[in-house]
file data.cif (mmCIF, C-alpha atoms)
data_model
loop_
_atom_site.group_PDB
_atom_site.id
_atom_site.type_symbol
_atom_site.label_atom_id
_atom_site.label_comp_id
_atom_site.auth_asym_id
_atom_site.auth_seq_id
_atom_site.Cartn_x
_atom_site.Cartn_y
_atom_site.Cartn_z
ATOM 1 C CA MET A 1 0.000 0.000 0.000
ATOM 2 C CA SER A 2 2.849 2.448 0.745
ATOM 3 C CA THR A 3 4.225 1.806 -2.766
ATOM 4 C CA CYS A 4 0.831 2.719 -4.175
ATOM 5 C CA LEU A 5 0.784 5.955 -2.160
ATOM 6 C CA SER A 6 4.292 6.834 -3.317
ATOM 7 C CA TYR A 7 3.320 6.149 -6.921
ATOM 8 C CA ARG A 8 0.200 8.344 -6.614
ATOM 9 C CA CYS A 9 2.275 11.080 -4.989
ATOM 10 C CA ALA A 10 4.777 10.877 -7.829
ATOM 11 C CA LEU A 11 2.010 11.186 -10.430
ATOM 12 C CA LEU A 12 0.445 14.104 -8.580
ATOM 13 C CA LEU A 13 3.791 15.886 -8.301
ATOM 14 C CA LEU A 14 4.566 15.257 -11.974
ATOM 15 C CA GLY A 15 1.177 16.669 -12.963
ATOM 16 C CA GLN A 16 1.827 19.803 -10.916
ATOM 17 C CA ILE A 17 5.259 20.291 -12.479
ATOM 18 C CA VAL A 18 3.841 19.906 -16.004
ATOM 19 C CA ALA A 19 1.068 22.417 -15.217
ATOM 20 C CA VAL A 20 3.573 25.001 -13.934
ATOM 21 C CA VAL A 21 5.804 24.582 -16.994
ATOM 22 C CA MET A 22 2.846 24.915 -19.365
ATOM 23 C CA LEU A 23 1.536 27.972 -17.533
ATOM 24 C CA SER A 24 4.954 29.647 -17.628
ATOM 25 C CA GLN A 25 5.002 29.214 -21.399
ATOM 26 C CA LEU A 26 1.614 30.938 -21.703
ATOM 27 C CA THR A 27 2.410 34.002 -19.596
ATOM 28 C CA GLY A 28 3.558 37.189 -21.219
ATOM 29 C CA CYS A 29 2.446 40.464 -22.656
ATOM 30 C CA ALA A 30 -0.046 40.228 -25.498
ATOM 31 C CA SER A 31 0.110 43.914 -26.406
ATOM 32 C CA LYS A 32 2.664 43.497 -29.169
ATOM 33 C CA GLU A 33 3.399 40.782 -31.652
ATOM 34 C CA LYS A 34 6.106 38.312 -30.686
ATOM 35 C CA ALA A 35 8.322 36.158 -32.818
ATOM 36 C CA PRO A 36 7.283 32.509 -32.934
ATOM 37 C CA LEU A 37 8.606 30.434 -30.070
ATOM 38 C CA THR A 38 11.728 28.454 -30.756
ATOM 39 C CA VAL A 39 11.628 25.080 -29.058
ATOM 40 C CA LEU A 40 14.783 23.058 -28.768
ATOM 41 C CA PRO A 41 14.669 19.311 -29.299
ATOM 42 C CA ALA A 42 14.647 17.401 -26.026
ATOM 43 C CA PRO A 43 17.717 15.183 -25.897
ATOM 44 C CA GLU A 44 19.323 13.972 -22.708
ATOM 45 C CA GLY A 45 20.139 16.243 -19.808
ATOM 46 C CA GLY A 46 20.589 19.916 -19.311
ATOM 47 C CA ASN A 47 18.169 22.636 -18.404
ATOM 48 C CA ARG A 48 16.122 22.949 -21.586
ATOM 49 C CA ILE A 49 13.621 25.289 -19.935
ATOM 50 C CA ALA A 50 16.351 27.840 -19.159
ATOM 51 C CA ALA A 51 17.768 27.516 -22.671
ATOM 52 C CA ASN A 52 14.324 27.984 -24.256
ATOM 53 C CA ASP A 53 13.473 30.912 -21.969
ATOM 54 C CA ALA A 54 16.748 32.601 -22.902
ATOM 55 C CA LEU A 55 16.050 32.053 -26.616
ATOM 56 C CA GLN A 56 12.680 33.775 -26.285
ATOM 57 C CA LEU A 57 14.455 36.920 -25.108
ATOM 58 C CA ARG A 58 16.421 37.415 -28.335
ATOM 59 C CA GLY A 59 16.091 40.978 -29.488
ATOM 60 C CA ALA A 60 15.445 42.408 -26.010
ATOM 61 C CA PRO A 61 17.491 45.594 -25.580
ATOM 62 C CA TYR A 62 20.892 45.647 -23.934
ATOM 63 C CA VAL A 63 20.837 47.915 -20.879
ATOM 64 C CA TYR A 64 23.670 47.997 -18.370
ATOM 65 C CA GLY A 65 22.225 46.871 -15.024
ATOM 66 C CA GLY A 66 19.004 45.644 -16.674
ATOM 67 C CA GLU A 67 17.378 42.439 -15.495
ATOM 68 C CA SER A 68 13.925 42.279 -17.076
ATOM 69 C CA PRO A 69 12.306 42.331 -20.528
ATOM 70 C CA SER A 70 10.695 45.694 -19.740
ATOM 71 C CA GLN A 71 13.960 47.414 -18.815
ATOM 72 C CA GLY A 72 16.383 45.339 -20.931
ATOM 73 C CA PHE A 73 19.300 43.160 -19.873
ATOM 74 C CA ASP A 74 23.001 43.086 -19.323
ATOM 75 C CA CYS A 75 24.725 39.683 -19.437
ATOM 76 C CA SER A 76 24.312 38.694 -15.789
ATOM 77 C CA GLY A 77 20.856 40.298 -15.641
ATOM 78 C CA LEU A 78 19.743 37.924 -18.399
ATOM 79 C CA VAL A 79 21.009 34.909 -16.432
ATOM 80 C CA TYR A 80 19.453 36.234 -13.231
ATOM 81 C CA TYR A 81 16.061 36.742 -14.914
ATOM 82 C CA VAL A 82 15.947 33.370 -16.704
ATOM 83 C CA TYR A 83 16.815 31.346 -13.611
ATOM 84 C CA ASN A 84 14.712 33.475 -11.253
ATOM 85 C CA ARG A 85 11.658 32.529 -13.351
ATOM 86 C CA GLN A 86 12.375 28.912 -12.424
ATOM 87 C CA GLY A 87 12.740 29.707 -8.747
ATOM 88 C CA VAL A 88 16.524 29.314 -8.807
ATOM 89 C CA ARG A 89 18.107 32.238 -6.974
ATOM 90 C CA LEU A 90 21.478 33.152 -8.404
ATOM 91 C CA PRO A 91 23.947 35.938 -7.688
ATOM 92 C CA ARG A 92 23.452 39.013 -9.862
ATOM 93 C CA ASP A 93 27.054 39.549 -11.072
ATOM 94 C CA THR A 94 29.408 37.437 -13.192
ATOM 95 C CA GLN A 95 32.191 37.209 -10.613
ATOM 96 C CA SER A 96 29.855 35.826 -7.943
ATOM 97 C CA LEU A 97 28.241 33.415 -10.414
ATOM 98 C CA ALA A 98 31.666 32.052 -11.353
ATOM 99 C CA ARG A 99 32.760 31.729 -7.713
ATOM 100 C CA GLN A 100 29.595 30.206 -6.277
ATOM 101 C CA LEU A 101 28.355 27.771 -8.936
ATOM 102 C CA PRO A 102 29.858 24.321 -9.531
ATOM 103 C CA ALA A 103 32.292 24.077 -12.424
ATOM 104 C CA VAL A 104 31.647 21.701 -15.326
ATOM 105 C CA GLN A 105 34.190 20.360 -17.795
ATOM 106 C CA PRO A 106 33.680 22.227 -21.098
ATOM 107 C CA GLU A 107 33.157 18.991 -23.023
ATOM 108 C CA GLN A 108 30.353 18.050 -20.609
ATOM 109 C CA ARG A 109 28.359 21.270 -20.946
ATOM 110 C CA GLN A 110 24.622 20.985 -21.428
ATOM 111 C CA PRO A 111 21.881 23.402 -22.430
ATOM 112 C CA GLY A 112 21.201 25.812 -19.594
ATOM 113 C CA ASP A 113 24.812 25.812 -18.359
ATOM 114 C CA LEU A 114 26.517 29.173 -18.010
ATOM 115 C CA LEU A 115 29.485 29.984 -20.237
ATOM 116 C CA PHE A 116 32.044 32.490 -18.985
ATOM 117 C CA PHE A 117 34.400 34.706 -20.934
ATOM 118 C CA THR A 118 37.249 37.110 -20.358
ATOM 119 C CA THR A 119 36.359 40.383 -22.044
ATOM 120 C CA GLU A 120 37.669 43.157 -19.766
ATOM 121 C CA ARG A 121 38.899 40.799 -17.029
ATOM 122 C CA PRO A 122 38.448 37.091 -16.182
ATOM 123 C CA PHE A 123 34.800 36.127 -15.743
ATOM 124 C CA SER A 124 33.549 39.490 -17.006
ATOM 125 C CA HIS A 125 30.932 38.092 -19.416
ATOM 126 C CA VAL A 126 28.385 35.263 -19.173
ATOM 127 C CA GLY A 127 25.914 33.573 -21.522
ATOM 128 C CA ILE A 128 23.480 30.646 -21.413
ATOM 129 C CA TYR A 129 24.468 27.612 -23.486
ATOM 130 C CA ILE A 130 21.667 26.340 -25.756
ATOM 131 C CA GLY A 131 23.462 23.463 -27.493
ATOM 132 C CA GLY A 132 25.163 23.085 -30.858
ATOM 133 C CA GLU A 133 28.055 25.338 -29.768
ATOM 134 C CA GLN A 134 25.648 28.281 -29.424
ATOM 135 C CA PHE A 135 24.737 30.510 -26.487
ATOM 136 C CA VAL A 136 22.343 33.342 -25.716
ATOM 137 C CA HIS A 137 23.751 36.492 -24.136
ATOM 138 C CA ALA A 138 23.450 40.260 -23.832
ATOM 139 C CA PRO A 139 26.892 41.224 -25.106
ATOM 140 C CA SER A 140 27.129 45.025 -25.060
ATOM 141 C CA SER A 141 25.630 48.390 -25.819
ATOM 142 C CA ARG A 142 27.434 48.167 -29.183
ATOM 143 C CA THR A 143 25.350 45.151 -30.274
ATOM 144 C CA GLY A 144 22.375 46.636 -28.477
ATOM 145 C CA GLN A 145 20.384 43.472 -27.843
ATOM 146 C CA VAL A 146 20.160 39.926 -26.528
ATOM 147 C CA MET A 147 21.443 37.602 -29.232
ATOM 148 C CA VAL A 148 22.689 34.122 -30.083
ATOM 149 C CA SER A 149 26.411 33.682 -30.744
ATOM 150 C CA ASP A 150 28.579 30.738 -31.703
ATOM 151 C CA LEU A 151 31.461 29.468 -29.575
ATOM 152 C CA ARG A 152 33.337 28.636 -32.780
ATOM 153 C CA GLN A 153 33.628 32.332 -33.661
ATOM 154 C CA PRO A 154 37.241 33.324 -33.017
ATOM 155 C CA TYR A 155 36.282 36.210 -30.714
ATOM 156 C CA TRP A 156 34.323 33.964 -28.322
ATOM 157 C CA ARG A 157 36.543 30.879 -28.688
ATOM 158 C CA GLU A 158 39.631 32.878 -27.656
ATOM 159 C CA ARG A 159 37.890 34.429 -24.644
ATOM 160 C CA PHE A 160 36.018 31.352 -23.367
ATOM 161 C CA ILE A 161 37.254 30.400 -19.872
ATOM 162 C CA GLY A 162 34.756 28.105 -18.175
ATOM 163 C CA VAL A 163 31.375 26.517 -17.571
ATOM 164 C CA ARG A 164 29.219 26.597 -14.447
ATOM 165 C CA ARG A 165 25.970 24.751 -13.788
ATOM 166 C CA PRO A 166 23.140 26.399 -11.861
ATOM 167 C CA VAL A 167 21.397 23.913 -9.625
ATOM 168 C CA ALA A 168 18.223 24.214 -7.608
ATOM 169 C CA ARG A 169 18.790 24.217 -3.879
ATOM 170 C CA TYR A 170 15.964 21.756 -3.393
ATOM 171 C CA SER A 171 15.730 18.386 -5.003
ATOM 172 C CA LEU A 172 12.582 16.343 -5.339
ATOM 173 C CA SER A 173 12.406 13.214 -3.265
ATOM 174 C CA LEU A 174 9.660 10.647 -3.496
ATOM 175 C CA ASN A 175 11.250 8.473 -0.841
ATOM 176 C CA ASP A 176 9.872 9.408 2.519
ATOM 177 C CA SER A 177 10.728 7.670 5.739
ATOM 178 C CA ASP A 178 7.092 7.015 6.609
ATOM 179 C CA ASN A 179 5.967 6.382 2.995
ATOM 180 C CA ASN A 180 2.653 8.116 3.664
ATOM 181 C CA SER A 181 3.319 11.592 2.285
ATOM 182 C CA CYS A 182 4.921 13.467 -0.540
ATOM 183 C CA ARG A 183 7.455 16.155 0.247
ATOM 184 C CA ILE A 184 9.867 18.379 -1.525
ATOM 185 C CA ASN A 185 13.238 18.169 0.226
#
call {"tool": "encode", "arguments": {"input": "data.cif", "output": "structure tokens"}}
result
Amino acid sequence: MSTCLSYRCALLLLGQIVAVVMLSQLTGCASKEKAPLTVLPAPEGGNRIAANDALQLRGAPYVYGGESPSQGFDCSGLVYYVYNRQGVRLPRDTQSLARQLPAVQPEQRQPGDLLFFTTERPFSHVGIYIGGEQFVHAPSSRTGQVMVSDLRQPYWRERFIGVRRPVARYSLSLNDSDNNSCRIN
């Protein structure tokens, strides 16, 4: 019977997660026309929701210190906004992101991982990896907007210095000591 309860709890929790994800895709401002949504294929691993959310922000204006679609974004503001929407609280600046998040080997990067670059100084620029050697970022006032760039471009390849993986502080656990309830650890 406890296995049955755990199974029902798992299904209930899964249904709630799916509903939240679907609702987050439907929210937004309907006052102006938006480009069609780009949806990445769903292979193994990574944070596809973060990668897709970042892709939807292409074309948003670059604004130093910005951290929302209404005010625009700088590089770390884009990361902060995308992950905050998922309930993952991250530091607001590139140096703190690089120091506080777990490092990942570059060859093991997955969509949603953060890519760091040396532009003015080490760890002075960050973007969100979307797969296929591409990343979304808010590069500068010169480019003026959130855009997708390729790691194979000489400028980015020469300045690339590391990968970090944002992780939620809470993990889901369906194994409870008394097997009679569902909890989020």
call {"tool": "atom_distance", "arguments": {"input": "data.cif", "atom1": "atom CA of Gly127 of chain A", "atom2": "atom CA of Ser70 of chain A"}}
result
19.5 Å
call {"tool": "atom_distance", "arguments": {"input": "data.cif", "atom1": "atom CA of Asn52 of chain A", "atom2": "atom CA of Gly66 of chain A"}}
result
19.8 Å
call {"tool": "axis_aligned_box", "arguments": {"input": "data.cif", "around": "segment 124-132 of chain A", "padding_each_side": "5 Å", "output": "JSON"}}
result
{"center_x": 27.6, "center_y": 31.3, "center_z": -23.9, "size_x": 21.9, "size_y": 26.4, "size_z": 23.9}
call {"tool": "closest_residue", "arguments": {"input": "data.cif", "among": "A:Arg92, A:Arg164, A:Arg48, A:Arg58", "to": "Pro139 of chain A", "atoms": "all atoms listed in the file"}}
result
A:Arg58
call {"tool": "resolve_selection", "arguments": {"input": "data.cif", "expression": "the PyMOL selection byres ((chain A and resi 63) around 9)", "output": "number ranges by chain"}}
result
A: 61-62, 64-67, 71-74, 138, 140-141, 144-145
call {"tool": "build_atoms", "arguments": {"input": "data.cif", "residues": "segment 131-156 of chain A", "atoms": "N, CA, C and O atoms", "output": "PDB file, in the coordinates of the input"}}
result
ATOM      1  N   GLY A 131      23.145  24.660 -26.724  1.00  0.00           N
ATOM      2  CA  GLY A 131      23.462  23.463 -27.493  1.00  0.00           C
ATOM      3  C   GLY A 131      24.043  23.836 -28.849  1.00  0.00           C
ATOM      4  O   GLY A 131      23.965  24.992 -29.275  1.00  0.00           O
ATOM      5  N   GLY A 132      24.624  22.860 -29.517  1.00  0.00           N
ATOM      6  CA  GLY A 132      25.163  23.085 -30.858  1.00  0.00           C
ATOM      7  C   GLY A 132      26.207  24.174 -30.926  1.00  0.00           C
ATOM      8  O   GLY A 132      26.297  24.902 -31.912  1.00  0.00           O
ATOM      9  N   GLU A 133      26.998  24.323 -29.860  1.00  0.00           N
ATOM     10  CA  GLU A 133      28.055  25.338 -29.768  1.00  0.00           C
ATOM     11  C   GLU A 133      27.521  26.766 -29.750  1.00  0.00           C
ATOM     12  O   GLU A 133      28.256  27.712 -30.008  1.00  0.00           O
ATOM     13  N   GLN A 134      26.238  26.946 -29.441  1.00  0.00           N
ATOM     14  CA  GLN A 134      25.648  28.281 -29.424  1.00  0.00           C
ATOM     15  C   GLN A 134      25.203  28.675 -28.020  1.00  0.00           C
ATOM     16  O   GLN A 134      24.898  27.824 -27.190  1.00  0.00           O
ATOM     17  N   PHE A 135      25.164  29.984 -27.785  1.00  0.00           N
ATOM     18  CA  PHE A 135      24.737  30.510 -26.487  1.00  0.00           C
ATOM     19  C   PHE A 135      23.990  31.820 -26.683  1.00  0.00           C
ATOM     20  O   PHE A 135      24.180  32.524 -27.666  1.00  0.00           O
ATOM     21  N   VAL A 136      23.109  32.106 -25.723  1.00  0.00           N
ATOM     22  CA  VAL A 136      22.343  33.342 -25.716  1.00  0.00           C
ATOM     23  C   VAL A 136      22.988  34.260 -24.695  1.00  0.00           C
ATOM     24  O   VAL A 136      23.340  33.828 -23.593  1.00  0.00           O
ATOM     25  N   HIS A 137      23.132  35.538 -25.057  1.00  0.00           N
ATOM     26  CA  HIS A 137      23.751  36.492 -24.136  1.00  0.00           C
ATOM     27  C   HIS A 137      23.370  37.917 -24.514  1.00  0.00           C
ATOM     28  O   HIS A 137      22.806  38.160 -25.576  1.00  0.00           O
ATOM     29  N   ALA A 138      23.644  38.826 -23.603  1.00  0.00           N
ATOM     30  CA  ALA A 138      23.450  40.260 -23.832  1.00  0.00           C
ATOM     31  C   ALA A 138      24.855  40.859 -23.866  1.00  0.00           C
ATOM     32  O   ALA A 138      25.402  41.212 -22.822  1.00  0.00           O
ATOM     33  N   PRO A 139      25.469  40.917 -25.049  1.00  0.00           N
ATOM     34  CA  PRO A 139      26.892  41.224 -25.106  1.00  0.00           C
ATOM     35  C   PRO A 139      27.308  42.651 -24.761  1.00  0.00           C
ATOM     36  O   PRO A 139      28.261  42.833 -24.027  1.00  0.00           O
ATOM     37  N   SER A 140      26.639  43.664 -25.303  1.00  0.00           N
ATOM     38  CA  SER A 140      27.129  45.025 -25.060  1.00  0.00           C
ATOM     39  C   SER A 140      26.167  46.058 -25.617  1.00  0.00           C
ATOM     40  O   SER A 140      25.262  45.732 -26.393  1.00  0.00           O
ATOM     41  N   SER A 141      26.429  47.300 -25.258  1.00  0.00           N
ATOM     42  CA  SER A 141      25.630  48.390 -25.819  1.00  0.00           C
ATOM     43  C   SER A 141      25.920  48.541 -27.319  1.00  0.00           C
ATOM     44  O   SER A 141      25.089  49.035 -28.070  1.00  0.00           O
ATOM     45  N   ARG A 142      27.089  48.086 -27.754  1.00  0.00           N
ATOM     46  CA  ARG A 142      27.434  48.167 -29.183  1.00  0.00           C
ATOM     47  C   ARG A 142      26.514  47.271 -30.006  1.00  0.00           C
ATOM     48  O   ARG A 142      26.006  47.679 -31.047  1.00  0.00           O
ATOM     49  N   THR A 143      26.266  46.039 -29.553  1.00  0.00           N
ATOM     50  CA  THR A 143      25.350  45.151 -30.274  1.00  0.00           C
ATOM     51  C   THR A 143      23.909  45.543 -29.993  1.00  0.00           C
ATOM     52  O   THR A 143      23.041  45.347 -30.831  1.00  0.00           O
ATOM     53  N   GLY A 144      23.661  46.060 -28.805  1.00  0.00           N
ATOM     54  CA  GLY A 144      22.375  46.636 -28.477  1.00  0.00           C
ATOM     55  C   GLY A 144      21.245  45.697 -28.115  1.00  0.00           C
ATOM     56  O   GLY A 144      20.149  46.150 -27.830  1.00  0.00           O
ATOM     57  N   GLN A 145      21.494  44.380 -28.122  1.00  0.00           N
ATOM     58  CA  GLN A 145      20.384  43.472 -27.843  1.00  0.00           C
ATOM     59  C   GLN A 145      20.859  42.085 -27.421  1.00  0.00           C
ATOM     60  O   GLN A 145      22.014  41.725 -27.625  1.00  0.00           O
ATOM     61  N   VAL A 146      19.920  41.335 -26.850  1.00  0.00           N
ATOM     62  CA  VAL A 146      20.160  39.926 -26.528  1.00  0.00           C
ATOM     63  C   VAL A 146      20.242  39.183 -27.852  1.00  0.00           C
ATOM     64  O   VAL A 146      19.421  39.399 -28.751  1.00  0.00           O
ATOM     65  N   MET A 147      21.233  38.308 -27.966  1.00  0.00           N
ATOM     66  CA  MET A 147      21.443  37.602 -29.232  1.00  0.00           C
ATOM     67  C   MET A 147      22.034  36.216 -29.013  1.00  0.00           C
ATOM     68  O   MET A 147      22.436  35.867 -27.912  1.00  0.00           O
ATOM     69  N   VAL A 148      22.065  35.442 -30.084  1.00  0.00           N
ATOM     70  CA  VAL A 148      22.689  34.122 -30.083  1.00  0.00           C
ATOM     71  C   VAL A 148      24.045  34.260 -30.772  1.00  0.00           C
ATOM     72  O   VAL A 148      24.147  34.876 -31.831  1.00  0.00           O
ATOM     73  N   SER A 149      25.072  33.695 -30.151  1.00  0.00           N
ATOM     74  CA  SER A 149      26.411  33.682 -30.744  1.00  0.00           C
ATOM     75  C   SER A 149      26.932  32.257 -30.755  1.00  0.00           C
ATOM     76  O   SER A 149      26.405  31.376 -30.074  1.00  0.00           O
ATOM     77  N   ASP A 150      27.989  32.060 -31.515  1.00  0.00           N
ATOM     78  CA  ASP A 150      28.579  30.738 -31.703  1.00  0.00           C
ATOM     79  C   ASP A 150      29.946  30.680 -31.041  1.00  0.00           C
ATOM     80  O   ASP A 150      30.783  31.563 -31.268  1.00  0.00           O
ATOM     81  N   LEU A 151      30.167  29.649 -30.241  1.00  0.00           N
ATOM     82  CA  LEU A 151      31.461  29.468 -29.575  1.00  0.00           C
ATOM     83  C   LEU A 151      32.605  29.252 -30.560  1.00  0.00           C
ATOM     84  O   LEU A 151      33.763  29.440 -30.199  1.00  0.00           O
ATOM     85  N   ARG A 152      32.286  28.867 -31.783  1.00  0.00           N
ATOM     86  CA  ARG A 152      33.337  28.636 -32.780  1.00  0.00           C
ATOM     87  C   ARG A 152      33.833  29.935 -33.398  1.00  0.00           C
ATOM     88  O   ARG A 152      34.861  29.935 -34.072  1.00  0.00           O
ATOM     89  N   GLN A 153      33.138  31.045 -33.173  1.00  0.00           N
ATOM     90  CA  GLN A 153      33.628  32.332 -33.661  1.00  0.00           C
ATOM     91  C   GLN A 153      34.929  32.645 -32.934  1.00  0.00           C
ATOM     92  O   GLN A 153      35.008  32.478 -31.704  1.00  0.00           O
ATOM     93  N   PRO A 154      35.942  33.082 -33.662  1.00  0.00           N
ATOM     94  CA  PRO A 154      37.241  33.324 -33.017  1.00  0.00           C
ATOM     95  C   PRO A 154      37.158  34.234 -31.788  1.00  0.00           C
ATOM     96  O   PRO A 154      37.819  33.959 -30.785  1.00  0.00           O
ATOM     97  N   TYR A 155      36.363  35.293 -31.852  1.00  0.00           N
ATOM     98  CA  TYR A 155      36.282  36.210 -30.714  1.00  0.00           C
ATOM     99  C   TYR A 155      35.872  35.471 -29.447  1.00  0.00           C
ATOM    100  O   TYR A 155      36.508  35.626 -28.404  1.00  0.00           O
ATOM    101  N   TRP A 156      34.824  34.659 -29.512  1.00  0.00           N
ATOM    102  CA  TRP A 156      34.323  33.964 -28.322  1.00  0.00           C
ATOM    103  C   TRP A 156      35.200  32.771 -27.961  1.00  0.00           C
ATOM    104  O   TRP A 156      35.435  32.510 -26.779  1.00  0.00           O
TER     105      TRP A 156
END
